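**Student:** Enclosed is the structure file data-v4.pdb (PDB, C-alpha atoms and all ligand atoms).
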ATOM      1  CA  MET A   1       0.000   0.000   0.000  1.00  0.00           C
ATOM      2  CA  ARG A   2       1.490   3.307  -1.036  1.00  0.00           C
ATOM      3  CA  GLY A   3      -0.216   6.654  -0.663  1.00  0.00           C
ATOM      4  CA  ARG A   4       0.009   9.491  -3.161  1.00  0.00           C
ATOM      5  CA  PHE A   5       2.490  12.327  -3.031  1.00  0.00           C
ATOM      6  CA  ILE A   6       0.989  15.637  -4.149  1.00  0.00           C
ATOM      7  CA  THR A   7       2.926  18.898  -4.065  1.00  0.00           C
ATOM      8  CA  PHE A   8       1.605  22.456  -4.371  1.00  0.00           C
ATOM      9  CA  GLU A   9       3.671  25.191  -5.963  1.00  0.00           C
ATOM     10  CA  GLY A  10       3.303  28.805  -6.999  1.00  0.00           C
ATOM     11  CA  ILE A  11       4.794  32.215  -6.354  1.00  0.00           C
ATOM     12  CA  ASP A  12       4.298  33.784  -2.915  1.00  0.00           C
ATOM     13  CA  GLY A  13       0.757  35.132  -2.681  1.00  0.00           C
ATOM     14  CA  SER A  14      -0.619  32.771  -5.357  1.00  0.00           C
ATOM     15  CA  GLY A  15      -2.962  31.140  -2.848  1.00  0.00           C
ATOM     16  CA  LYS A  16      -1.405  27.652  -3.019  1.00  0.00           C
ATOM     17  CA  SER A  17      -1.451  27.086   0.768  1.00  0.00           C
ATOM     18  CA  THR A  18      -5.160  27.920   0.907  1.00  0.00           C
ATOM     19  CA  GLN A  19      -5.878  25.555  -1.992  1.00  0.00           C
ATOM     20  CA  LEU A  20      -3.775  22.843  -0.353  1.00  0.00           C
ATOM     21  CA  ALA A  21      -5.784  23.104   2.883  1.00  0.00           C
ATOM     22  CA  ALA A  22      -9.102  23.047   1.008  1.00  0.00           C
ATOM     23  CA  THR A  23      -8.022  20.022  -1.051  1.00  0.00           C
ATOM     24  CA  ALA A  24      -6.875  18.212   2.112  1.00  0.00           C
ATOM     25  CA  SER A  25     -10.276  18.808   3.748  1.00  0.00           C
ATOM     26  CA  ALA A  26     -12.128  17.555   0.679  1.00  0.00           C
ATOM     27  CA  LEU A  27     -10.008  14.393   0.482  1.00  0.00           C
ATOM     28  CA  ARG A  28     -10.434  13.709   4.215  1.00  0.00           C
ATOM     29  CA  ALA A  29     -14.182  14.124   3.837  1.00  0.00           C
ATOM     30  CA  GLY A  30     -13.963  11.427   1.168  1.00  0.00           C
ATOM     31  CA  GLY A  31     -12.322   9.024   3.645  1.00  0.00           C
ATOM     32  CA  ILE A  32      -8.688   9.409   2.590  1.00  0.00           C
ATOM     33  CA  ASP A  33      -5.918   9.618   5.217  1.00  0.00           C
ATOM     34  CA  VAL A  34      -4.144  12.868   4.453  1.00  0.00           C
ATOM     35  CA  LEU A  35      -0.918  14.246   5.859  1.00  0.00           C
ATOM     36  CA  GLN A  36      -0.427  17.988   5.334  1.00  0.00           C
ATOM     37  CA  THR A  37       3.129  19.262   5.483  1.00  0.00           C
ATOM     38  CA  ARG A  38       5.412  21.962   4.081  1.00  0.00           C
ATOM     39  CA  GLU A  39       8.886  22.889   2.879  1.00  0.00           C
ATOM     40  CA  PRO A  40      11.142  24.193   4.037  1.00  0.00           C
ATOM     41  CA  GLY A  41       9.963  22.611   7.288  1.00  0.00           C
ATOM     42  CA  GLY A  42       7.862  19.638   8.280  1.00  0.00           C
ATOM     43  CA  THR A  43      10.357  18.357  10.906  1.00  0.00           C
ATOM     44  CA  GLN A  44      11.877  19.945  13.994  1.00  0.00           C
ATOM     45  CA  LEU A  45      15.197  20.544  12.256  1.00  0.00           C
ATOM     46  CA  GLY A  46      13.446  21.591   9.053  1.00  0.00           C
ATOM     47  CA  GLU A  47      11.391  24.221  10.869  1.00  0.00           C
ATOM     48  CA  ALA A  48      14.550  25.585  12.521  1.00  0.00           C
ATOM     49  CA  LEU A  49      16.191  25.798   9.096  1.00  0.00           C
ATOM     50  CA  ARG A  50      13.043  27.454   7.751  1.00  0.00           C
ATOM     51  CA  SER A  51      13.307  30.307  10.297  1.00  0.00           C
ATOM     52  CA  MET A  52      16.887  30.917   9.207  1.00  0.00           C
ATOM     53  CA  LEU A  53      16.072  30.661   5.513  1.00  0.00           C
ATOM     54  CA  LEU A  54      13.229  33.172   5.739  1.00  0.00           C
ATOM     55  CA  GLN A  55      15.031  35.700   7.920  1.00  0.00           C
ATOM     56  CA  ARG A  56      18.816  35.561   7.709  1.00  0.00           C
ATOM     57  CA  ARG A  57      20.996  36.908   4.974  1.00  0.00           C
ATOM     58  CA  MET A  58      22.994  34.149   3.272  1.00  0.00           C
ATOM     59  CA  SER A  59      24.530  33.382  -0.103  1.00  0.00           C
ATOM     60  CA  PRO A  60      22.282  31.834  -2.772  1.00  0.00           C
ATOM     61  CA  LEU A  61      24.360  28.632  -2.633  1.00  0.00           C
ATOM     62  CA  THR A  62      23.974  28.338   1.152  1.00  0.00           C
ATOM     63  CA  GLU A  63      20.264  28.894   0.663  1.00  0.00           C
ATOM     64  CA  THR A  64      20.133  26.069  -1.902  1.00  0.00           C
ATOM     65  CA  LEU A  65      22.065  23.647   0.308  1.00  0.00           C
ATOM     66  CA  LEU A  66      19.888  24.392   3.337  1.00  0.00           C
ATOM     67  CA  MET A  67      16.727  23.815   1.291  1.00  0.00           C
ATOM     68  CA  PHE A  68      18.002  20.348   0.419  1.00  0.00           C
ATOM     69  CA  ALA A  69      19.225  19.681   3.980  1.00  0.00           C
ATOM     70  CA  ALA A  70      15.729  20.394   5.286  1.00  0.00           C
ATOM     71  CA  ARG A  71      14.261  18.286   2.454  1.00  0.00           C
ATOM     72  CA  VAL A  72      16.339  15.174   3.210  1.00  0.00           C
ATOM     73  CA  GLU A  73      15.151  15.208   6.837  1.00  0.00           C
ATOM     74  CA  HIS A  74      11.587  15.731   5.685  1.00  0.00           C
ATOM     75  CA  ILE A  75      11.695  12.869   3.189  1.00  0.00           C
ATOM     76  CA  ASP A  76      13.256  10.407   5.637  1.00  0.00           C
ATOM     77  CA  GLU A  77      11.287  11.337   8.740  1.00  0.00           C
ATOM     78  CA  VAL A  78       7.904  12.264   7.343  1.00  0.00           C
ATOM     79  CA  ILE A  79       7.150  11.792   3.654  1.00  0.00           C
ATOM     80  CA  VAL A  80       8.356   8.246   2.980  1.00  0.00           C
ATOM     81  CA  PRO A  81       6.975   6.787   6.253  1.00  0.00           C
ATOM     82  CA  ALA A  82       3.568   8.402   5.645  1.00  0.00           C
ATOM     83  CA  LEU A  83       3.380   7.148   2.050  1.00  0.00           C
ATOM     84  CA  GLY A  84       4.278   3.693   3.366  1.00  0.00           C
ATOM     85  CA  THR A  85       1.254   3.659   5.653  1.00  0.00           C
ATOM     86  CA  GLY A  86      -1.045   4.638   2.789  1.00  0.00           C
ATOM     87  CA  HIS A  87      -1.385   8.348   3.569  1.00  0.00           C
ATOM     88  CA  TRP A  88      -1.741  10.884   0.829  1.00  0.00           C
ATOM     89  CA  VAL A  89       0.969  13.444   1.509  1.00  0.00           C
ATOM     90  CA  LEU A  90       0.018  16.986   0.512  1.00  0.00           C
ATOM     91  CA  CYS A  91       3.187  19.037   0.617  1.00  0.00           C
ATOM     92  CA  ASP A  92       3.369  22.823   0.347  1.00  0.00           C
ATOM     93  CA  ARG A  93       6.393  23.110  -1.999  1.00  0.00           C
ATOM     94  CA  PHE A  94       9.092  20.587  -2.880  1.00  0.00           C
ATOM     95  CA  THR A  95      12.077  20.426  -5.258  1.00  0.00           C
ATOM     96  CA  ASP A  96      10.303  22.275  -8.086  1.00  0.00           C
ATOM     97  CA  ALA A  97      10.464  25.297  -5.747  1.00  0.00           C
ATOM     98  CA  THR A  98      14.253  25.032  -5.642  1.00  0.00           C
ATOM     99  CA  TYR A  99      14.432  25.102  -9.442  1.00  0.00           C
ATOM    100  CA  ALA A 100      11.989  28.025  -9.541  1.00  0.00           C
ATOM    101  CA  TYR A 101      13.470  30.139  -6.743  1.00  0.00           C
ATOM    102  CA  GLN A 102      17.151  29.220  -6.565  1.00  0.00           C
ATOM    103  CA  TRP A 103      17.693  28.733 -10.316  1.00  0.00           C
ATOM    104  CA  GLY A 104      15.041  31.063 -11.773  1.00  0.00           C
ATOM    105  CA  GLY A 105      15.110  33.616  -8.968  1.00  0.00           C
ATOM    106  CA  ARG A 106      18.692  33.543  -7.697  1.00  0.00           C
ATOM    107  CA  GLY A 107      20.612  32.226 -10.692  1.00  0.00           C
ATOM    108  CA  ILE A 108      22.144  29.066  -9.145  1.00  0.00           C
ATOM    109  CA  ALA A 109      23.118  26.659 -11.961  1.00  0.00           C
ATOM    110  CA  GLN A 110      20.330  24.306 -12.886  1.00  0.00           C
ATOM    111  CA  GLU A 111      22.786  21.361 -13.051  1.00  0.00           C
ATOM    112  CA  TRP A 112      23.854  21.922  -9.436  1.00  0.00           C
ATOM    113  CA  ILE A 113      20.250  21.690  -8.344  1.00  0.00           C
ATOM    114  CA  ALA A 114      19.782  18.580 -10.473  1.00  0.00           C
ATOM    115  CA  SER A 115      22.830  16.991  -8.768  1.00  0.00           C
ATOM    116  CA  LEU A 116      21.529  17.803  -5.310  1.00  0.00           C
ATOM    117  CA  GLU A 117      18.156  16.418  -6.300  1.00  0.00           C
ATOM    118  CA  SER A 118      19.708  13.137  -7.434  1.00  0.00           C
ATOM    119  CA  TRP A 119      21.640  12.782  -4.142  1.00  0.00           C
ATOM    120  CA  SER A 120      18.683  13.772  -1.973  1.00  0.00           C
ATOM    121  CA  HIS A 121      15.874  11.833  -3.615  1.00  0.00           C
ATOM    122  CA  PRO A 122      17.069   9.673  -6.510  1.00  0.00           C
ATOM    123  CA  THR A 123      13.752   7.861  -6.912  1.00  0.00           C
ATOM    124  CA  LEU A 124      11.046   9.801  -5.070  1.00  0.00           C
ATOM    125  CA  GLN A 125       9.024  12.226  -7.226  1.00  0.00           C
ATOM    126  CA  PRO A 126       5.584  13.722  -6.674  1.00  0.00           C
ATOM    127  CA  ASP A 127       2.709  11.814  -8.278  1.00  0.00           C
ATOM    128  CA  LEU A 128       1.128  15.182  -8.968  1.00  0.00           C
ATOM    129  CA  THR A 129       2.362  18.768  -8.740  1.00  0.00           C
ATOM    130  CA  VAL A 130      -0.274  21.482  -8.709  1.00  0.00           C
ATOM    131  CA  VAL A 131       0.989  24.890  -9.815  1.00  0.00           C
ATOM    132  CA  VAL A 132      -1.336  27.644  -8.639  1.00  0.00           C
ATOM    133  CA  ASP A 133      -0.530  30.250 -11.245  1.00  0.00           C
ATOM    134  CA  LEU A 134      -1.031  33.967 -10.699  1.00  0.00           C
ATOM    135  CA  GLU A 135       0.320  37.185 -12.251  1.00  0.00           C
ATOM    136  CA  PRO A 136       3.168  38.544 -10.067  1.00  0.00           C
ATOM    137  CA  GLN A 137       1.372  41.916  -9.707  1.00  0.00           C
ATOM    138  CA  GLN A 138      -1.778  40.270  -8.396  1.00  0.00           C
ATOM    139  CA  ALA A 139       0.211  38.067  -6.035  1.00  0.00           C
ATOM    140  CA  ALA A 140       2.064  41.141  -4.704  1.00  0.00           C
ATOM    141  CA  LEU A 141      -1.258  42.848  -3.939  1.00  0.00           C
ATOM    142  CA  ARG A 142      -2.501  39.784  -2.065  1.00  0.00           C
ATOM    143  CA  ARG A 143       0.723  39.549  -0.043  1.00  0.00           C
ATOM    144  CA  ALA A 144       0.607  43.247   0.848  1.00  0.00           C
ATOM    145  CA  ARG A 145      -2.912  42.777   2.232  1.00  0.00           C
ATOM    146  CA  GLU A 146      -2.021  39.704   4.269  1.00  0.00           C
ATOM    147  CA  ARG A 147       1.400  40.013   5.909  1.00  0.00           C
ATOM    148  CA  GLU A 148       4.795  41.591   6.415  1.00  0.00           C
ATOM    149  CA  PRO A 149       7.221  40.326   3.742  1.00  0.00           C
ATOM    150  CA  ASP A 150       9.926  37.765   4.623  1.00  0.00           C
ATOM    151  CA  ARG A 151      13.301  37.580   2.833  1.00  0.00           C
ATOM    152  CA  PHE A 152      11.769  35.963  -0.274  1.00  0.00           C
ATOM    153  CA  GLU A 153       8.576  37.992  -0.335  1.00  0.00           C
ATOM    154  CA  ALA A 154      10.625  41.193  -0.286  1.00  0.00           C
ATOM    155  CA  GLN A 155      11.960  40.400  -3.795  1.00  0.00           C
ATOM    156  CA  ASP A 156      10.837  42.528  -6.731  1.00  0.00           C
ATOM    157  CA  ALA A 157       8.350  41.745  -9.499  1.00  0.00           C
ATOM    158  CA  ALA A 158      11.107  40.671 -11.925  1.00  0.00           C
ATOM    159  CA  PHE A 159      12.258  37.978  -9.455  1.00  0.00           C
ATOM    160  CA  PHE A 160       8.730  36.557  -9.209  1.00  0.00           C
ATOM    161  CA  ALA A 161       8.278  36.739 -12.971  1.00  0.00           C
ATOM    162  CA  ARG A 162      11.381  34.519 -13.364  1.00  0.00           C
ATOM    163  CA  VAL A 163      10.177  32.122 -10.654  1.00  0.00           C
ATOM    164  CA  ARG A 164       6.792  31.840 -12.331  1.00  0.00           C
ATOM    165  CA  GLU A 165       8.368  31.232 -15.728  1.00  0.00           C
ATOM    166  CA  VAL A 166      10.374  28.271 -14.382  1.00  0.00           C
ATOM    167  CA  TYR A 167       7.245  26.730 -12.865  1.00  0.00           C
ATOM    168  CA  LEU A 168       5.348  27.077 -16.135  1.00  0.00           C
ATOM    169  CA  ALA A 169       8.263  25.725 -18.197  1.00  0.00           C
ATOM    170  CA  ARG A 170       8.590  22.693 -15.911  1.00  0.00           C
ATOM    171  CA  ALA A 171       4.851  22.099 -16.187  1.00  0.00           C
ATOM    172  CA  ARG A 172       5.037  22.211 -19.990  1.00  0.00           C
ATOM    173  CA  ALA A 173       7.954  19.753 -19.956  1.00  0.00           C
ATOM    174  CA  GLU A 174       6.172  17.219 -17.704  1.00  0.00           C
ATOM    175  CA  PRO A 175       2.441  17.494 -18.398  1.00  0.00           C
ATOM    176  CA  ASN A 176       1.751  14.085 -16.848  1.00  0.00           C
ATOM    177  CA  ARG A 177       3.030  15.155 -13.455  1.00  0.00           C
ATOM    178  CA  PHE A 178       1.835  18.774 -13.419  1.00  0.00           C
ATOM    179  CA  LEU A 179      -1.549  20.437 -13.226  1.00  0.00           C
ATOM    180  CA  VAL A 180      -1.523  24.218 -13.713  1.00  0.00           C
ATOM    181  CA  VAL A 181      -4.560  25.948 -12.221  1.00  0.00           C
ATOM    182  CA  ASP A 182      -5.542  29.584 -12.594  1.00  0.00           C
ATOM    183  CA  GLY A 183      -5.081  31.172  -9.155  1.00  0.00           C
ATOM    184  CA  SER A 184      -7.410  34.060 -10.005  1.00  0.00           C
ATOM    185  CA  ARG A 185     -10.388  31.675 -10.176  1.00  0.00           C
ATOM    186  CA  PRO A 186     -12.615  31.079  -7.123  1.00  0.00           C
ATOM    187  CA  GLY A 187     -11.121  28.566  -4.670  1.00  0.00           C
ATOM    188  CA  PRO A 188     -13.907  25.949  -4.932  1.00  0.00           C
ATOM    189  CA  GLN A 189     -13.420  25.755  -8.710  1.00  0.00           C
ATOM    190  CA  ILE A 190      -9.697  25.148  -8.246  1.00  0.00           C
ATOM    191  CA  VAL A 191     -10.335  22.376  -5.718  1.00  0.00           C
ATOM    192  CA  THR A 192     -12.846  20.743  -8.081  1.00  0.00           C
ATOM    193  CA  GLN A 193     -10.217  20.745 -10.831  1.00  0.00           C
ATOM    194  CA  ILE A 194      -7.684  19.081  -8.516  1.00  0.00           C
ATOM    195  CA  LEU A 195     -10.197  16.485  -7.277  1.00  0.00           C
ATOM    196  CA  GLU A 196     -11.078  15.666 -10.874  1.00  0.00           C
ATOM    197  CA  ARG A 197      -7.423  15.007 -11.642  1.00  0.00           C
ATOM    198  CA  VAL A 198      -6.921  12.624  -8.678  1.00  0.00           C
ATOM    199  CA  LYS A 199     -10.246  10.831  -9.150  1.00  0.00           C
ATOM    200  CA  PRO A 200      -8.718   7.778 -10.878  1.00  0.00           C
ATOM    201  CA  TRP A 201      -6.520   7.178  -7.784  1.00  0.00           C
ATOM    202  CA  ARG A 202      -9.529   7.003  -5.476  1.00  0.00           C
ATOM    203  CA  ALA A 203     -11.324   4.186  -7.240  1.00  0.00           C
TER     204      ALA A 203
HETATM  205  P1  LIG B 301       6.124  29.348   1.712  1.00  0.00           P
HETATM  206  O1  LIG B 301       5.951  30.822   1.804  1.00  0.00           O
HETATM  207  O2  LIG B 301       5.458  28.741   0.573  1.00  0.00           O
HETATM  208  O3  LIG B 301       5.856  28.656   2.989  1.00  0.00           O
HETATM  209  O4  LIG B 301       7.694  29.088   1.407  1.00  0.00           O
HETATM  210  C1  LIG B 301       8.669  29.802   2.055  1.00  0.00           C
HETATM  211  C2  LIG B 301       9.598  30.469   1.084  1.00  0.00           C
HETATM  212  O5  LIG B 301      10.670  29.592   0.760  1.00  0.00           O
HETATM  213  C3  LIG B 301       8.966  30.894  -0.226  1.00  0.00           C
HETATM  214  O6  LIG B 301       9.196  32.286  -0.391  1.00  0.00           O
HETATM  215  C4  LIG B 301       9.731  30.137  -1.281  1.00  0.00           C
HETATM  216  C5  LIG B 301      11.000  29.698  -0.598  1.00  0.00           C
HETATM  217  N1  LIG B 301      11.534  28.411  -1.069  1.00  0.00           N
HETATM  218  C6  LIG B 301      12.637  28.424  -1.898  1.00  0.00           C
HETATM  219  O7  LIG B 301      13.153  29.487  -2.243  1.00  0.00           O
HETATM  220  N2  LIG B 301      13.141  27.227  -2.324  1.00  0.00           N
HETATM  221  C7  LIG B 301      12.620  26.015  -1.946  1.00  0.00           C
HETATM  222  O8  LIG B 301      13.122  24.961  -2.341  1.00  0.00           O
HETATM  223  C8  LIG B 301      11.476  26.029  -1.066  1.00  0.00           C
HETATM  224  C9  LIG B 301      10.881  24.731  -0.614  1.00  0.00           C
HETATM  225  C10 LIG B 301      10.967  27.249  -0.660  1.00  0.00           C
END
Could you show the structure in this file as structure tokens?
Ligand code: TMP

**Tutor:**
Amino acid sequence: MRGRFITFEGIDGSGKSTQLAATASALRAGGIDVLQTREPGGTQLGEALRSMLLQRRMSPLTETLLMFAARVEHIDEVIVPALGTGHWVLCDRFTDATYAYQWGGRGIAQEWIASLESWSHPTLQPDLTVVVDLEPQQAALRRAREREPDRFEAQDAAFFARVREVYLARARAEPNRFLVVDGSRPGPQIVTQILERVKPWRA
């Protein structure tokens, strides 16, 4: 028995965390065991690394390495065990975020990220990655309404445009793994689209 591994991605302010929570509730209501988690984070060490990553100044390479350090703990301690007991793991960001933010946003070489990916999780990949897509300007407005910016959220519109472009390019390259949803649509419509996509796994 293996559960399903579903990751949610999008630029900050796209609404992906809200859609993840709503999808988790809908799946639970349908009798599925769901584990909700996030990156960076999801373990004690991962959450400590998260605080540093969101607040402290560091080089883009250090940032990349710490993202993977947190991820390895998360995979070993949380994701793989939960999948093994049949849970569906809904994870707020995963390695696609490192390509989008550290390659697209910060300019770290794509091949370095690919190497780290192959050391950190040579076989594990999400069964589905939902990209909640939103225009950077709209996302910036949402963020401004909701919270004080962290180190990533303080980046400019050009940074988020590059991050978004990497997400969309990865989705085009792997249409079987990705589902791109329009983040400007009402939440219930987005959740319906996601549920439709996972329907074959529930039979
Ligand atoms: P969150 O706001 O979605 O919780 O994620 C925290 C921030 O971390 C977000 O601004 C994106 C960033 N991030 C990366 O830059 N690379 C990564 O690999 C991950 C998982 C997150």

**Student:** List all protein, DNA and RNA residues that have at least one atom no more than 9 Å from any atom of ligand LIG 301 (chain B), counting all atoms listed in the file, and write them as JSON, numbers by chain.

**Tutor:** {"A": [8, 9, 10, 11, 12, 13, 16, 17, 38, 39, 40, 41, 50, 53, 54, 63, 64, 66, 67, 68, 70, 71, 92, 93, 94, 95, 96, 97, 98, 99, 100, 101, 102, 105, 106, 150, 151, 152, 153]}

**Student:** Please produce a file of those selected residues containing C-alpha atoms, as a PDB file, in the coordinates of the input.

**Tutor:**
ATOM      1  CA  PHE A   8       1.605  22.456  -4.371  1.00  0.00           C
ATOM      2  CA  GLU A   9       3.671  25.191  -5.963  1.00  0.00           C
ATOM      3  CA  GLY A  10       3.303  28.805  -6.999  1.00  0.00           C
ATOM      4  CA  ILE A  11       4.794  32.215  -6.354  1.00  0.00           C
ATOM      5  CA  ASP A  12       4.298  33.784  -2.915  1.00  0.00           C
ATOM      6  CA  GLY A  13       0.757  35.132  -2.681  1.00  0.00           C
ATOM      7  CA  LYS A  16      -1.405  27.652  -3.019  1.00  0.00           C
ATOM      8  CA  SER A  17      -1.451  27.086   0.768  1.00  0.00           C
ATOM      9  CA  ARG A  38       5.412  21.962   4.081  1.00  0.00           C
ATOM     10  CA  GLU A  39       8.886  22.889   2.879  1.00  0.00           C
ATOM     11  CA  PRO A  40      11.142  24.193   4.037  1.00  0.00           C
ATOM     12  CA  GLY A  41       9.963  22.611   7.288  1.00  0.00           C
ATOM     13  CA  ARG A  50      13.043  27.454   7.751  1.00  0.00           C
ATOM     14  CA  LEU A  53      16.072  30.661   5.513  1.00  0.00           C
ATOM     15  CA  LEU A  54      13.229  33.172   5.739  1.00  0.00           C
ATOM     16  CA  GLU A  63      20.264  28.894   0.663  1.00  0.00           C
ATOM     17  CA  THR A  64      20.133  26.069  -1.902  1.00  0.00           C
ATOM     18  CA  LEU A  66      19.888  24.392   3.337  1.00  0.00           C
ATOM     19  CA  MET A  67      16.727  23.815   1.291  1.00  0.00           C
ATOM     20  CA  PHE A  68      18.002  20.348   0.419  1.00  0.00           C
ATOM     21  CA  ALA A  70      15.729  20.394   5.286  1.00  0.00           C
ATOM     22  CA  ARG A  71      14.261  18.286   2.454  1.00  0.00           C
ATOM     23  CA  ASP A  92       3.369  22.823   0.347  1.00  0.00           C
ATOM     24  CA  ARG A  93       6.393  23.110  -1.999  1.00  0.00           C
ATOM     25  CA  PHE A  94       9.092  20.587  -2.880  1.00  0.00           C
ATOM     26  CA  THR A  95      12.077  20.426  -5.258  1.00  0.00           C
ATOM     27  CA  ASP A  96      10.303  22.275  -8.086  1.00  0.00           C
ATOM     28  CA  ALA A  97      10.464  25.297  -5.747  1.00  0.00           C
ATOM     29  CA  THR A  98      14.253  25.032  -5.642  1.00  0.00           C
ATOM     30  CA  TYR A  99      14.432  25.102  -9.442  1.00  0.00           C
ATOM     31  CA  ALA A 100      11.989  28.025  -9.541  1.00  0.00           C
ATOM     32  CA  TYR A 101      13.470  30.139  -6.743  1.00  0.00           C
ATOM     33  CA  GLN A 102      17.151  29.220  -6.565  1.00  0.00           C
ATOM     34  CA  GLY A 105      15.110  33.616  -8.968  1.00  0.00           C
ATOM     35  CA  ARG A 106      18.692  33.543  -7.697  1.00  0.00           C
ATOM     36  CA  ASP A 150       9.926  37.765   4.623  1.00  0.00           C
ATOM     37  CA  ARG A 151      13.301  37.580   2.833  1.00  0.00           C
ATOM     38  CA  PHE A 152      11.769  35.963  -0.274  1.00  0.00           C
ATOM     39  CA  GLU A 153       8.576  37.992  -0.335  1.00  0.00           C
TER      40      GLU A 153
END

**Student:** Could you tell me how far atom CA of A:Arg2 sits from atom CA of A:Val34, in Å to one decimal place?

**Tutor:** 12.4 Å

**Student:** Given 3 Å on each side, where is the centre and what are the edge lengths in Å to one decimal of the axis-aligned box enclosing the listed atoms of stretch 29-47 of chain A, as AutoDock Vina command-line options?

**Tutor:**
--center_x 0.5 --center_y 16.6 --center_z 7.6 --size_x 35.4 --size_y 21.2 --size_z 18.8

**Student:** Near A:Gly31, within 12 Å and counting all atoms listed in the file, which residues show up once chain neighbours fewer than 5 positions away are dropped, as a list in words?

**Tutor:**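 Counting only the stated atoms, we get Ala24, Ser25, Ala26, His87, Trp88, Arg202 and Ala203 of chain A.
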
**Student:** Keeping only C-alpha atoms, write the selected residues to a file as a PDB file, in the frame of the given file.

**Tutor:**
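And here is the file that came out, result30.pdb:
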ATOM      1  CA  ALA A  24      -6.875  18.212   2.112  1.00  0.00           C
ATOM      2  CA  SER A  25     -10.276  18.808   3.748  1.00  0.00           C
ATOM      3  CA  ALA A  26     -12.128  17.555   0.679  1.00  0.00           C
ATOM      4  CA  HIS A  87      -1.385   8.348   3.569  1.00  0.00           C
ATOM      5  CA  TRP A  88      -1.741  10.884   0.829  1.00  0.00           C
ATOM      6  CA  ARG A 202      -9.529   7.003  -5.476  1.00  0.00           C
ATOM      7  CA  ALA A 203     -11.324   4.186  -7.240  1.00  0.00           C
TER       8      ALA A 203
END

**Student:** Kindly indicate which residue among A:Val89, A:Val80, A:Val132, A:Ala140 lies nearest to A:Phe160, using all atoms listed in the file for the distances.

**Tutor:**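 Among the listed residues, A:Ala140 lies closest to A:Phe160.
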